$ cat my_file-v8.pdb   # PDB, C-alpha atoms
MODEL        1
ATOM      1  CA  MET A   9      -7.324  -6.409  16.628  1.00  0.00           C
ATOM      2  CA  LYS A  10      -6.459  -4.601  13.393  1.00  0.00           C
ATOM      3  CA  ILE A  11      -9.430  -3.745  11.200  1.00  0.00           C
ATOM      4  CA  VAL A  12      -9.052  -3.587   7.412  1.00  0.00           C
ATOM      5  CA  VAL A  13     -12.031  -2.146   5.533  1.00  0.00           C
ATOM      6  CA  GLY A  14     -12.306  -2.616   1.778  1.00  0.00           C
ATOM      7  CA  LEU A  15     -14.611  -0.232  -0.072  1.00  0.00           C
ATOM      8  CA  GLY A  16     -16.906  -1.404  -2.840  1.00  0.00           C
ATOM      9  CA  ASN A  17     -20.495  -1.925  -3.935  1.00  0.00           C
ATOM     10  CA  PRO A  18     -22.498  -5.123  -3.331  1.00  0.00           C
ATOM     11  CA  GLY A  19     -23.984  -7.152  -6.172  1.00  0.00           C
ATOM     12  CA  ASN A  20     -22.718  -9.005  -9.234  1.00  0.00           C
ATOM     13  CA  ARG A  21     -23.154  -5.892 -11.352  1.00  0.00           C
ATOM     14  CA  TYR A  22     -20.249  -4.203  -9.552  1.00  0.00           C
ATOM     15  CA  ALA A  23     -18.097  -7.184  -8.617  1.00  0.00           C
ATOM     16  CA  LYS A  24     -15.367  -6.675 -11.229  1.00  0.00           C
ATOM     17  CA  THR A  25     -15.478  -2.902 -11.546  1.00  0.00           C
ATOM     18  CA  ARG A  26     -12.632  -0.553 -10.657  1.00  0.00           C
ATOM     19  CA  HIS A  27     -14.621   0.841  -7.735  1.00  0.00           C
ATOM     20  CA  ASN A  28     -14.510  -2.594  -6.070  1.00  0.00           C
ATOM     21  CA  VAL A  29     -10.756  -2.999  -5.975  1.00  0.00           C
ATOM     22  CA  GLY A  30     -10.875  -2.608  -2.181  1.00  0.00           C
ATOM     23  CA  TRP A  31     -13.063  -5.710  -1.966  1.00  0.00           C
ATOM     24  CA  MET A  32     -10.670  -7.560  -4.261  1.00  0.00           C
ATOM     25  CA  VAL A  33      -7.801  -6.872  -1.855  1.00  0.00           C
ATOM     26  CA  LEU A  34      -9.829  -8.137   1.120  1.00  0.00           C
ATOM     27  CA  ASP A  35     -10.845 -11.262  -0.797  1.00  0.00           C
ATOM     28  CA  ARG A  36      -7.161 -11.954  -1.445  1.00  0.00           C
ATOM     29  CA  LEU A  37      -6.321 -11.581   2.242  1.00  0.00           C
ATOM     30  CA  ALA A  38      -9.174 -13.918   3.208  1.00  0.00           C
ATOM     31  CA  ASP A  39      -7.996 -16.476   0.621  1.00  0.00           C
ATOM     32  CA  ARG A  40      -4.455 -16.366   2.002  1.00  0.00           C
ATOM     33  CA  ALA A  41      -5.721 -16.897   5.537  1.00  0.00           C
ATOM     34  CA  GLY A  42      -8.014 -19.743   4.461  1.00  0.00           C
ATOM     35  CA  TRP A  43     -11.071 -17.929   5.757  1.00  0.00           C
ATOM     36  CA  GLY A  44     -14.551 -18.245   4.298  1.00  0.00           C
ATOM     37  CA  ALA A  45     -16.867 -15.539   3.055  1.00  0.00           C
ATOM     38  CA  GLY A  46     -17.692 -14.386   6.589  1.00  0.00           C
ATOM     39  CA  ARG A  47     -21.098 -13.305   7.795  1.00  0.00           C
ATOM     40  CA  GLU A  48     -23.391 -10.294   7.692  1.00  0.00           C
ATOM     41  CA  ARG A  49     -23.012  -8.094  10.741  1.00  0.00           C
ATOM     42  CA  ASP A  50     -23.818  -4.427  11.362  1.00  0.00           C
ATOM     43  CA  ALA A  51     -24.292  -3.450   7.701  1.00  0.00           C
ATOM     44  CA  ALA A  52     -21.122  -5.265   6.587  1.00  0.00           C
ATOM     45  CA  ARG A  53     -19.781  -8.678   5.686  1.00  0.00           C
ATOM     46  CA  VAL A  54     -17.041  -9.469   8.152  1.00  0.00           C
ATOM     47  CA  VAL A  55     -14.531 -12.240   8.766  1.00  0.00           C
ATOM     48  CA  TRP A  56     -11.823 -12.359  11.392  1.00  0.00           C
ATOM     49  CA  GLY A  57      -9.107 -14.560  12.812  1.00  0.00           C
ATOM     50  CA  ARG A  58      -5.370 -14.873  13.276  1.00  0.00           C
ATOM     51  CA  PHE A  59      -3.122 -14.615  10.233  1.00  0.00           C
ATOM     52  CA  GLU A  60       0.673 -14.483  10.190  1.00  0.00           C
ATOM     53  CA  GLY A  61       0.689 -13.755  13.905  1.00  0.00           C
ATOM     54  CA  LEU A  62      -1.802 -10.883  13.538  1.00  0.00           C
ATOM     55  CA  ASP A  63      -5.364 -10.557  14.801  1.00  0.00           C
ATOM     56  CA  LEU A  64      -7.260  -9.207  11.795  1.00  0.00           C
ATOM     57  CA  GLU A  65     -10.852  -8.358  11.004  1.00  0.00           C
ATOM     58  CA  LEU A  66     -11.757  -7.838   7.350  1.00  0.00           C
ATOM     59  CA  VAL A  67     -14.803  -5.661   6.706  1.00  0.00           C
ATOM     60  CA  LYS A  68     -16.733  -5.166   3.450  1.00  0.00           C
ATOM     61  CA  PRO A  69     -19.503  -2.576   3.942  1.00  0.00           C
ATOM     62  CA  GLN A  70     -22.795  -3.636   2.311  1.00  0.00           C
ATOM     63  CA  THR A  71     -24.295  -0.149   2.333  1.00  0.00           C
ATOM     64  CA  PHE A  72     -23.123   0.868  -1.158  1.00  0.00           C
ATOM     65  CA  MET A  73     -20.183   3.180  -1.510  1.00  0.00           C
ATOM     66  CA  ASN A  74     -21.793   6.492  -0.560  1.00  0.00           C
ATOM     67  CA  GLU A  75     -22.798   5.244   2.900  1.00  0.00           C
ATOM     68  CA  SER A  76     -19.700   3.187   3.758  1.00  0.00           C
ATOM     69  CA  GLY A  77     -19.166   5.210   6.918  1.00  0.00           C
ATOM     70  CA  LEU A  78     -22.248   3.687   8.586  1.00  0.00           C
ATOM     71  CA  ALA A  79     -20.686   0.219   8.596  1.00  0.00           C
ATOM     72  CA  VAL A  80     -17.250   1.502   9.601  1.00  0.00           C
ATOM     73  CA  ARG A  81     -18.640   3.437  12.567  1.00  0.00           C
ATOM     74  CA  LYS A  82     -20.553   0.368  13.748  1.00  0.00           C
ATOM     75  CA  VAL A  83     -17.599  -2.003  13.548  1.00  0.00           C
ATOM     76  CA  LEU A  84     -15.319   0.398  15.422  1.00  0.00           C
ATOM     77  CA  ALA A  85     -17.953   0.849  18.141  1.00  0.00           C
ATOM     78  CA  ARG A  86     -18.493  -2.904  18.446  1.00  0.00           C
ATOM     79  CA  GLU A  87     -14.778  -3.637  18.750  1.00  0.00           C
ATOM     80  CA  HIS A  88     -14.048  -0.546  20.888  1.00  0.00           C
ATOM     81  CA  ALA A  89     -11.223   0.048  18.422  1.00  0.00           C
ATOM     82  CA  PRO A  90      -9.243   3.298  18.158  1.00  0.00           C
ATOM     83  CA  LEU A  91      -8.730   4.919  14.764  1.00  0.00           C
ATOM     84  CA  ASP A  92      -5.078   3.804  14.858  1.00  0.00           C
ATOM     85  CA  ASP A  93      -6.327   0.231  14.349  1.00  0.00           C
ATOM     86  CA  LEU A  94      -8.242   1.079  11.144  1.00  0.00           C
ATOM     87  CA  LEU A  95      -7.036   0.800   7.548  1.00  0.00           C
ATOM     88  CA  VAL A  96      -9.357   1.614   4.635  1.00  0.00           C
ATOM     89  CA  VAL A  97      -8.520   0.200   1.171  1.00  0.00           C
ATOM     90  CA  ALA A  98     -10.022   2.200  -1.701  1.00  0.00           C
ATOM     91  CA  ASP A  99      -9.640   2.839  -5.426  1.00  0.00           C
ATOM     92  CA  ASP A 100      -8.113   6.098  -6.686  1.00  0.00           C
ATOM     93  CA  PHE A 101      -8.303   7.383 -10.263  1.00  0.00           C
ATOM     94  CA  ALA A 102      -5.816  10.146  -9.449  1.00  0.00           C
ATOM     95  CA  LEU A 103      -3.124   7.441  -9.327  1.00  0.00           C
ATOM     96  CA  PRO A 104      -1.862   5.560 -12.382  1.00  0.00           C
ATOM     97  CA  PHE A 105      -3.104   2.018 -12.662  1.00  0.00           C
ATOM     98  CA  GLY A 106      -1.203  -0.227 -10.269  1.00  0.00           C
ATOM     99  CA  ARG A 107       0.403   2.417  -8.068  1.00  0.00           C
ATOM    100  CA  LEU A 108      -0.183   2.257  -4.319  1.00  0.00           C
ATOM    101  CA  ARG A 109      -0.390   5.151  -1.882  1.00  0.00           C
ATOM    102  CA  LEU A 110      -0.591   4.488   1.861  1.00  0.00           C
ATOM    103  CA  ARG A 111      -1.060   7.434   4.236  1.00  0.00           C
ATOM    104  CA  GLU A 112      -1.740   7.814   7.943  1.00  0.00           C
ATOM    105  CA  ALA A 113      -4.461  10.444   7.427  1.00  0.00           C
ATOM    106  CA  GLY A 114      -5.888  12.798   4.824  1.00  0.00           C
ATOM    107  CA  SER A 115      -8.934  14.158   3.069  1.00  0.00           C
ATOM    108  CA  ALA A 116     -11.448  12.212   1.016  1.00  0.00           C
ATOM    109  CA  GLY A 117      -9.753  13.324  -2.196  1.00  0.00           C
ATOM    110  CA  GLY A 118     -13.059  13.174  -4.070  1.00  0.00           C
ATOM    111  CA  HIS A 119     -13.805   9.575  -3.051  1.00  0.00           C
ATOM    112  CA  ASN A 120     -17.411   9.208  -1.864  1.00  0.00           C
ATOM    113  CA  GLY A 121     -16.670   6.197   0.332  1.00  0.00           C
ATOM    114  CA  LEU A 122     -13.875   7.975   2.174  1.00  0.00           C
ATOM    115  CA  ARG A 123     -16.057  11.083   2.448  1.00  0.00           C
ATOM    116  CA  SER A 124     -18.778   9.031   4.124  1.00  0.00           C
ATOM    117  CA  ILE A 125     -16.314   7.485   6.587  1.00  0.00           C
ATOM    118  CA  ILE A 126     -14.816  10.869   7.466  1.00  0.00           C
ATOM    119  CA  GLY A 127     -18.308  12.261   8.021  1.00  0.00           C
ATOM    120  CA  GLU A 128     -19.430   9.390  10.268  1.00  0.00           C
ATOM    121  CA  LEU A 129     -16.212   9.340  12.309  1.00  0.00           C
ATOM    122  CA  ASP A 130     -15.857  13.126  12.309  1.00  0.00           C
ATOM    123  CA  SER A 131     -12.146  12.619  11.695  1.00  0.00           C
ATOM    124  CA  GLN A 132      -9.631  12.203   8.877  1.00  0.00           C
ATOM    125  CA  LYS A 133      -7.071  10.558  11.166  1.00  0.00           C
ATOM    126  CA  PHE A 134      -7.207   6.978   9.947  1.00  0.00           C
ATOM    127  CA  ALA A 135      -4.886   5.138   7.574  1.00  0.00           C
ATOM    128  CA  ARG A 136      -5.938   4.585   3.995  1.00  0.00           C
ATOM    129  CA  LEU A 137      -4.397   2.512   1.209  1.00  0.00           C
ATOM    130  CA  ARG A 138      -5.291   3.883  -2.211  1.00  0.00           C
ATOM    131  CA  VAL A 139      -4.949   1.577  -5.216  1.00  0.00           C
ATOM    132  CA  GLY A 140      -4.498   3.328  -8.539  1.00  0.00           C
ATOM    133  CA  ILE A 141      -7.130   2.534 -11.190  1.00  0.00           C
ATOM    134  CA  GLY A 142      -5.921   4.970 -13.842  1.00  0.00           C
ATOM    135  CA  GLU A 143      -7.084   8.346 -15.055  1.00  0.00           C
ATOM    136  CA  PRO A 144     -10.607   8.528 -16.523  1.00  0.00           C
ATOM    137  CA  SER A 145     -10.980   8.846 -20.281  1.00  0.00           C
ATOM    138  CA  ARG A 146     -14.693   9.532 -19.744  1.00  0.00           C
ATOM    139  CA  THR A 147     -16.704  10.830 -16.797  1.00  0.00           C
ATOM    140  CA  ALA A 148     -15.448   9.854 -13.347  1.00  0.00           C
ATOM    141  CA  VAL A 149     -18.604   7.859 -12.568  1.00  0.00           C
ATOM    142  CA  ASP A 150     -18.407   5.883 -15.809  1.00  0.00           C
ATOM    143  CA  HIS A 151     -14.733   5.201 -15.194  1.00  0.00           C
ATOM    144  CA  VAL A 152     -14.971   3.854 -11.651  1.00  0.00           C
ATOM    145  CA  LEU A 153     -17.967   1.681 -12.555  1.00  0.00           C
ATOM    146  CA  SER A 154     -16.230   0.208 -15.606  1.00  0.00           C
ATOM    147  CA  THR A 155     -14.244  -3.021 -15.665  1.00  0.00           C
ATOM    148  CA  PHE A 156     -10.502  -3.156 -16.198  1.00  0.00           C
ATOM    149  CA  SER A 157      -9.172  -3.330 -19.756  1.00  0.00           C
ATOM    150  CA  PRO A 158      -7.642  -6.599 -21.034  1.00  0.00           C
ATOM    151  CA  GLU A 159      -4.156  -5.088 -20.699  1.00  0.00           C
ATOM    152  CA  GLU A 160      -4.858  -4.045 -17.108  1.00  0.00           C
ATOM    153  CA  ARG A 161      -6.345  -7.427 -16.225  1.00  0.00           C
ATOM    154  CA  ALA A 162      -3.056  -9.054 -17.204  1.00  0.00           C
ATOM    155  CA  ASP A 163      -1.379  -7.131 -14.363  1.00  0.00           C
ATOM    156  CA  LEU A 164      -4.281  -6.895 -11.918  1.00  0.00           C
ATOM    157  CA  GLU A 165      -3.273 -10.006  -9.962  1.00  0.00           C
ATOM    158  CA  ARG A 166       0.121  -8.505  -9.161  1.00  0.00           C
ATOM    159  CA  VAL A 167      -1.498  -5.254  -8.056  1.00  0.00           C
ATOM    160  CA  ILE A 168      -3.930  -7.065  -5.744  1.00  0.00           C
ATOM    161  CA  GLU A 169      -1.097  -9.166  -4.298  1.00  0.00           C
ATOM    162  CA  ALA A 170       1.014  -6.078  -3.643  1.00  0.00           C
ATOM    163  CA  ALA A 171      -1.883  -4.224  -2.001  1.00  0.00           C
ATOM    164  CA  ALA A 172      -2.600  -7.250   0.214  1.00  0.00           C
ATOM    165  CA  ASP A 173       1.065  -7.333   1.236  1.00  0.00           C
ATOM    166  CA  ALA A 174       0.928  -3.616   2.025  1.00  0.00           C
ATOM    167  CA  ALA A 175      -2.114  -4.149   4.265  1.00  0.00           C
ATOM    168  CA  VAL A 176      -0.317  -6.901   6.184  1.00  0.00           C
ATOM    169  CA  ASP A 177       2.760  -4.698   6.567  1.00  0.00           C
ATOM    170  CA  TRP A 178       0.533  -1.905   7.919  1.00  0.00           C
ATOM    171  CA  ALA A 179      -0.933  -4.259  10.523  1.00  0.00           C
ATOM    172  CA  ARG A 180       2.497  -5.517  11.558  1.00  0.00           C
ATOM    173  CA  ASP A 181       4.762  -2.455  11.239  1.00  0.00           C
ATOM    174  CA  GLY A 182       2.447   0.570  11.204  1.00  0.00           C
ATOM    175  CA  ALA A 183       1.476   3.058   8.507  1.00  0.00           C
ATOM    176  CA  SER A 184       4.769   4.944   8.266  1.00  0.00           C
ATOM    177  CA  ARG A 185       6.988   1.926   7.630  1.00  0.00           C
ATOM    178  CA  ALA A 186       4.465   0.291   5.315  1.00  0.00           C
ATOM    179  CA  ALA A 187       4.223   3.540   3.321  1.00  0.00           C
ATOM    180  CA  ASN A 188       8.010   3.781   3.011  1.00  0.00           C
ATOM    181  CA  ARG A 189       8.081   0.261   1.683  1.00  0.00           C
ATOM    182  CA  TRP A 190       5.124   0.274  -0.711  1.00  0.00           C
ATOM    183  CA  ASN A 191       4.557   3.830  -1.945  1.00  0.00           C
ATOM    184  CA  PRO A 192       7.575   3.569  -4.302  1.00  0.00           C
ATOM    185  CA  TRP A 193       6.366   0.222  -5.669  1.00  0.00           C
ATOM    186  CA  GLN A 194       5.793   0.005  -9.416  1.00  0.00           C
ATOM    187  CA  LEU A 195       4.402  -2.660 -11.685  1.00  0.00           C
ATOM    188  CA  HIS A 196       7.124  -2.061 -14.241  1.00  0.00           C
ATOM    189  CA  PRO A 197      10.161  -0.424 -12.587  1.00  0.00           C
ATOM    190  CA  PRO A 198      12.437   1.552 -14.906  1.00  0.00           C
ATOM    191  CA  GLU A 199      15.568  -0.277 -15.931  1.00  0.00           C
ATOM    192  CA  LEU A 200      18.870   0.900 -14.503  1.00  0.00           C
ATOM    193  CA  PRO A 201      21.673   1.766 -16.922  1.00  0.00           C
ATOM    194  CA  GLU A 202      23.982  -1.112 -17.686  1.00  0.00           C
ATOM    195  CA  GLY A 203      26.967  -1.097 -15.405  1.00  0.00           C
ATOM    196  CA  PRO A 204      29.004  -3.067 -12.919  1.00  0.00           C
ATOM    197  CA  LEU A 205      26.453  -2.929 -10.118  1.00  0.00           C
ATOM    198  CA  GLY A 206      23.505  -4.742 -11.649  1.00  0.00           C
ATOM    199  CA  ILE A 207      21.086  -3.579  -8.968  1.00  0.00           C
ATOM    200  CA  GLU A 208      17.395  -3.581  -9.798  1.00  0.00           C
ATOM    201  CA  PRO A 209      15.108  -0.964  -8.256  1.00  0.00           C
ATOM    202  CA  ASN A 210      12.345  -1.930  -5.812  1.00  0.00           C
ATOM    203  CA  GLY A 211      14.253  -4.989  -4.645  1.00  0.00           C
ATOM    204  CA  GLY A 212      13.893  -6.802  -7.973  1.00  0.00           C
ATOM    205  CA  PRO A 213      11.295  -6.933 -10.730  1.00  0.00           C
ATOM    206  CA  GLY A 214       8.075  -5.573  -9.292  1.00  0.00           C
ATOM    207  CA  GLY A 215       9.210  -6.034  -5.686  1.00  0.00           C
ATOM    208  CA  PRO A 216       8.925  -3.532  -2.842  1.00  0.00           C
ATOM    209  CA  ALA A 217      11.573  -0.945  -2.188  1.00  0.00           C
ATOM    210  CA  PRO A 218      14.316  -2.229   0.140  1.00  0.00           C
ATOM    211  CA  ASP A 219      13.800  -1.267   3.761  1.00  0.00           C
ATOM    212  CA  VAL A 220      16.605  -2.267   6.070  1.00  0.00           C
ATOM    213  CA  ALA A 221      14.951  -0.557   9.020  1.00  0.00           C
ATOM    214  CA  SER A 222      11.678  -2.468   8.687  1.00  0.00           C
ATOM    215  CA  ALA A 223      13.621  -5.717   8.636  1.00  0.00           C
ATOM    216  CA  GLY A 224      15.156  -4.893  11.996  1.00  0.00           C
ATOM    217  CA  GLY A 225      18.329  -3.251  10.689  1.00  0.00           C
ATOM    218  CA  THR A 226      19.879   0.023  11.760  1.00  0.00           C
ATOM    219  CA  ASP A 227      21.159   3.108   9.970  1.00  0.00           C
ATOM    220  CA  ALA A 228      24.602   1.596  10.248  1.00  0.00           C
ATOM    221  CA  ASP A 229      23.346  -1.530   8.460  1.00  0.00           C
ATOM    222  CA  THR A 230      21.960   0.696   5.695  1.00  0.00           C
ATOM    223  CA  ARG A 231      25.249   2.564   5.279  1.00  0.00           C
ATOM    224  CA  THR A 232      27.161  -0.718   5.237  1.00  0.00           C
ATOM    225  CA  ALA A 233      24.850  -2.176   2.618  1.00  0.00           C
ATOM    226  CA  GLU A 234      25.148   0.944   0.470  1.00  0.00           C
ATOM    227  CA  ALA A 235      28.913   1.103   0.780  1.00  0.00           C
ATOM    228  CA  SER A 236      29.239  -2.506  -0.348  1.00  0.00           C
ATOM    229  CA  VAL A 237      27.962  -1.733  -3.867  1.00  0.00           C
ATOM    230  CA  VAL A 238      30.696   0.551  -5.182  1.00  0.00           C
ATOM    231  CA  GLY A 239      31.643   0.370  -8.832  1.00  0.00           C
ATOM    232  CA  ALA A 240      35.146   0.428 -10.258  1.00  0.00           C
ATOM    233  CA  ASP A 241      34.853   4.170 -10.848  1.00  0.00           C
ATOM    234  CA  GLY A 242      34.182   4.844  -7.170  1.00  0.00           C
ATOM    235  CA  ILE A 243      30.494   5.613  -7.660  1.00  0.00           C
ATOM    236  CA  ARG A 244      28.133   3.814  -5.313  1.00  0.00           C
ATOM    237  CA  ARG A 245      24.428   3.095  -5.743  1.00  0.00           C
ATOM    238  CA  THR A 246      22.121   4.216  -2.937  1.00  0.00           C
ATOM    239  CA  ARG A 247      18.361   4.249  -2.531  1.00  0.00           C
ATOM    240  CA  THR A 248      18.319   7.937  -3.430  1.00  0.00           C
ATOM    241  CA  GLY A 249      20.625   7.925  -6.438  1.00  0.00           C
ATOM    242  CA  TRP A 250      24.221   7.586  -7.587  1.00  0.00           C
ATOM    243  CA  ARG A 251      26.827   9.048  -5.291  1.00  0.00           C
ATOM    244  CA  LYS A 252      30.583   9.321  -5.174  1.00  0.00           C
ATOM    245  CA  PRO A 253      31.740   8.945  -1.565  1.00  0.00           C
ATOM    246  CA  LEU A 254      33.896  11.628   0.017  1.00  0.00           C
ATOM    247  CA  PRO A 255      37.430  10.466   0.869  1.00  0.00           C
ATOM    248  CA  SER A 256      37.866   9.150   4.400  1.00  0.00           C
ATOM    249  CA  PRO A 257      39.892  11.257   6.886  1.00  0.00           C
ATOM    250  CA  ASP A 258      42.915   8.971   6.455  1.00  0.00           C
ATOM    251  CA  GLU A 259      42.996   9.218   2.665  1.00  0.00           C
ATOM    252  CA  PRO A 260      45.381  11.644   0.915  1.00  0.00           C
ATOM    253  CA  GLY A 261      43.544  14.768  -0.206  1.00  0.00           C
ATOM    254  CA  SER A 262      40.812  14.478   2.393  1.00  0.00           C
ATOM    255  CA  ARG A 263      39.809  17.535   4.350  1.00  0.00           C
ATOM    256  CA  ASP A 264      41.081  16.113   7.652  1.00  0.00           C
ATOM    257  CA  ALA A 265      44.298  14.830   6.085  1.00  0.00           C
ATOM    258  CA  ARG A 266      45.184  18.358   4.945  1.00  0.00           C
ATOM    259  CA  ARG A 267      45.011  19.771   8.448  1.00  0.00           C
TER
ENDMDL
END
$ encode --input "my_file-v8.pdb" --output "structure tokens"
Amino acid sequence: MKIVVGLGNPGNRYAKTRHNVGWMVLDRLADRAGWGAGRERDAARVVWGRFEGLDLELVKPQTFMNESGLAVRKVLAREHAPLDDLLVVADDFALPFGRLRLREAGSAGGHNGLRSIIGELDSQKFARLRVGIGEPSRTAVDHVLSTFSPEERADLERVIEAAADAAVDWARDGASRAANRWNPWQLHPPELPEGPLGIEPNGGPGGPAPDVASAGGTDADTRTAEASVVGADGIRRTRTGWRKPLPSPDEPGSRDARR
């Protein structure tokens, strides 16, 4: 069983605030799975089942943000779950709106919900998915308890969808692979210069970064895919930039050919 905890505050007053983006992601996962609202259990609202071949439990602590760790500790004890099976989804104003940051461990980074969880578990070694809510233009408290601007709301659905996808990838492939796939994700990827290749970053408009390995491919598959997109000038596009391949050993002028 993989446990995904979304951080937020209970009550209609907080439902649409930036601080509740973790709950929004869990609601999207529950909607996809066709699950209901769940039930109250051990200081949290929980729902569980099988989704896309995964056994998932979605947990929304009802303790208010500053005491989120109480509910997390109880659910882990009830399920006898190791920390490796825990993902916490939280807002982060240190990230631009819409950016995602998935890590296997780390500090609270100023987030009171994460601080509470770390304190109750006496450990920082659990995965967390941070969803960017933008830098405060006022005090931090006012910012996290404010609603999204009209411009942000136009893109919020895509952000929630991407974060839900990242949580599923974590449950299926682990934190490292999910991070490689989703940490580069952007709402509005920069356009590539016009040229013969016509490759869009992040696997297309707003899509995740390509990950041959996570799809079951090998390093050789990656090199083959990269080598197949060479322009007329000999420059090839790779995930890390534009490169001009070295001549092969059989080509005139190569290092081996001059021996």
$ closest_residue --input "my_file-v8.pdb" --among "A:Arg81, A:Leu64, A:Arg26, A:Arg136" --to "Ala148 of chain A" --atoms "only C-alpha atoms"
A:Arg26
$ closest_residue --input "my_file-v8.pdb" --among "A:Val83, A:Val167, A:Val29, A:Phe101" --to "Glu48 of chain A" --atoms "only C-alpha atoms"
A:Val83
$ residues_around --input "my_file-v8.pdb" --residues "Ala79 of chain A" --least-positions-apart "3" --cutoff "8 Å" --atoms "all atoms listed in the file" --output "PyMOL selection string"
chain A and resi 50-52+69-71+75-76+82-83
$ resolve_selection --input "my_file-v8.pdb" --expression "the PyMOL selection byres ((chain A and resi 163) around 12)" --output "count of residues only"
22
$ residues_near_point --input "my_file-v8.pdb" --point "(-9.8, -10.3, -2.8)" --cutoff "12 Å" --atoms "all atoms listed in the file" --output "JSON, numbers by chain"
{"A": [13, 14, 15, 16, 23, 24, 28, 29, 30, 31, 32, 33, 34, 35, 36, 37, 38, 39, 40, 41, 43, 44, 45, 66, 67, 68, 97, 164, 165, 166, 167, 168, 169, 170, 171, 172, 173]}
$ atom_distance --input "my_file-v8.pdb" --atom1 "atom CA of Leu95 of chain A" --atom2 "atom CA of Ala113 of chain A"
10.0 Å
$ atom_distance --input "my_file-v8.pdb" --atom1 "atom CA of Val149 of chain A" --atom2 "atom CA of Ser115 of chain A"
19.4 Å
$ atom_distance --input "my_file-v8.pdb" --atom1 "atom CA of Asp130 of chain A" --atom2 "atom CA of Arg53 of chain A"
23.1 Å
$ resolve_selection --input "my_file-v8.pdb" --expression "the PyMOL selection byres ((chain A and resi 118) around 12)" --output "CSV table (one decimal) with C-alpha atoms, keeping the file's coordinate frame"
chain,number,residue,atom,x,y,z
A,74,ASN,CA,-21.8,6.5,-0.6
A,98,ALA,CA,-10.0,2.2,-1.7
A,99,ASP,CA,-9.6,2.8,-5.4
A,100,ASP,CA,-8.1,6.1,-6.7
A,101,PHE,CA,-8.3,7.4,-10.3
A,102,ALA,CA,-5.8,10.1,-9.4
A,114,GLY,CA,-5.9,12.8,4.8
A,115,SER,CA,-8.9,14.2,3.1
A,116,ALA,CA,-11.4,12.2,1.0
A,117,GLY,CA,-9.8,13.3,-2.2
A,119,HIS,CA,-13.8,9.6,-3.1
A,120,ASN,CA,-17.4,9.2,-1.9
A,121,GLY,CA,-16.7,6.2,0.3
A,122,LEU,CA,-13.9,8.0,2.2
A,123,ARG,CA,-16.1,11.1,2.4
A,124,SER,CA,-18.8,9.0,4.1
A,126,ILE,CA,-14.8,10.9,7.5
A,148,ALA,CA,-15.4,9.9,-13.3
A,149,VAL,CA,-18.6,7.9,-12.6
$ axis_aligned_box --input "my_file-v8.pdb" --around "segment 152-167 of chain A" --padding-each-side "3 Å" --output "JSON"
{"center_x": -8.9, "center_y": -3.1, "center_z": -14.5, "size_x": 24.1, "size_y": 19.9, "size_z": 19.0}
$ residues_around --input "my_file-v8.pdb" --residues "Asp93 of chain A" --least-positions-apart "5" --cutoff "10 Å" --atoms "only C-alpha atoms" --output "ChimeraX atom specification"
/A:9-12,64,84,134-135,178-179,182
$ write_last_selection --input "my_file-v8.pdb" --atoms "C-alpha atoms" --output "CSV table (one decimal), in the frame of the given file"
chain,number,residue,atom,x,y,z
A,9,MET,CA,-7.3,-6.4,16.6
A,10,LYS,CA,-6.5,-4.6,13.4
A,11,ILE,CA,-9.4,-3.7,11.2
A,12,VAL,CA,-9.1,-3.6,7.4
A,64,LEU,CA,-7.3,-9.2,11.8
A,84,LEU,CA,-15.3,0.4,15.4
A,134,PHE,CA,-7.2,7.0,9.9
A,135,ALA,CA,-4.9,5.1,7.6
A,178,TRP,CA,0.5,-1.9,7.9
A,179,ALA,CA,-0.9,-4.3,10.5
A,182,GLY,CA,2.4,0.6,11.2
$ closest_residue --input "my_file-v8.pdb" --among "A:Leu153, A:Ala89, A:Val96, A:Val55" --to "Ile125 of chain A" --atoms "all atoms listed in the file"
A:Val96
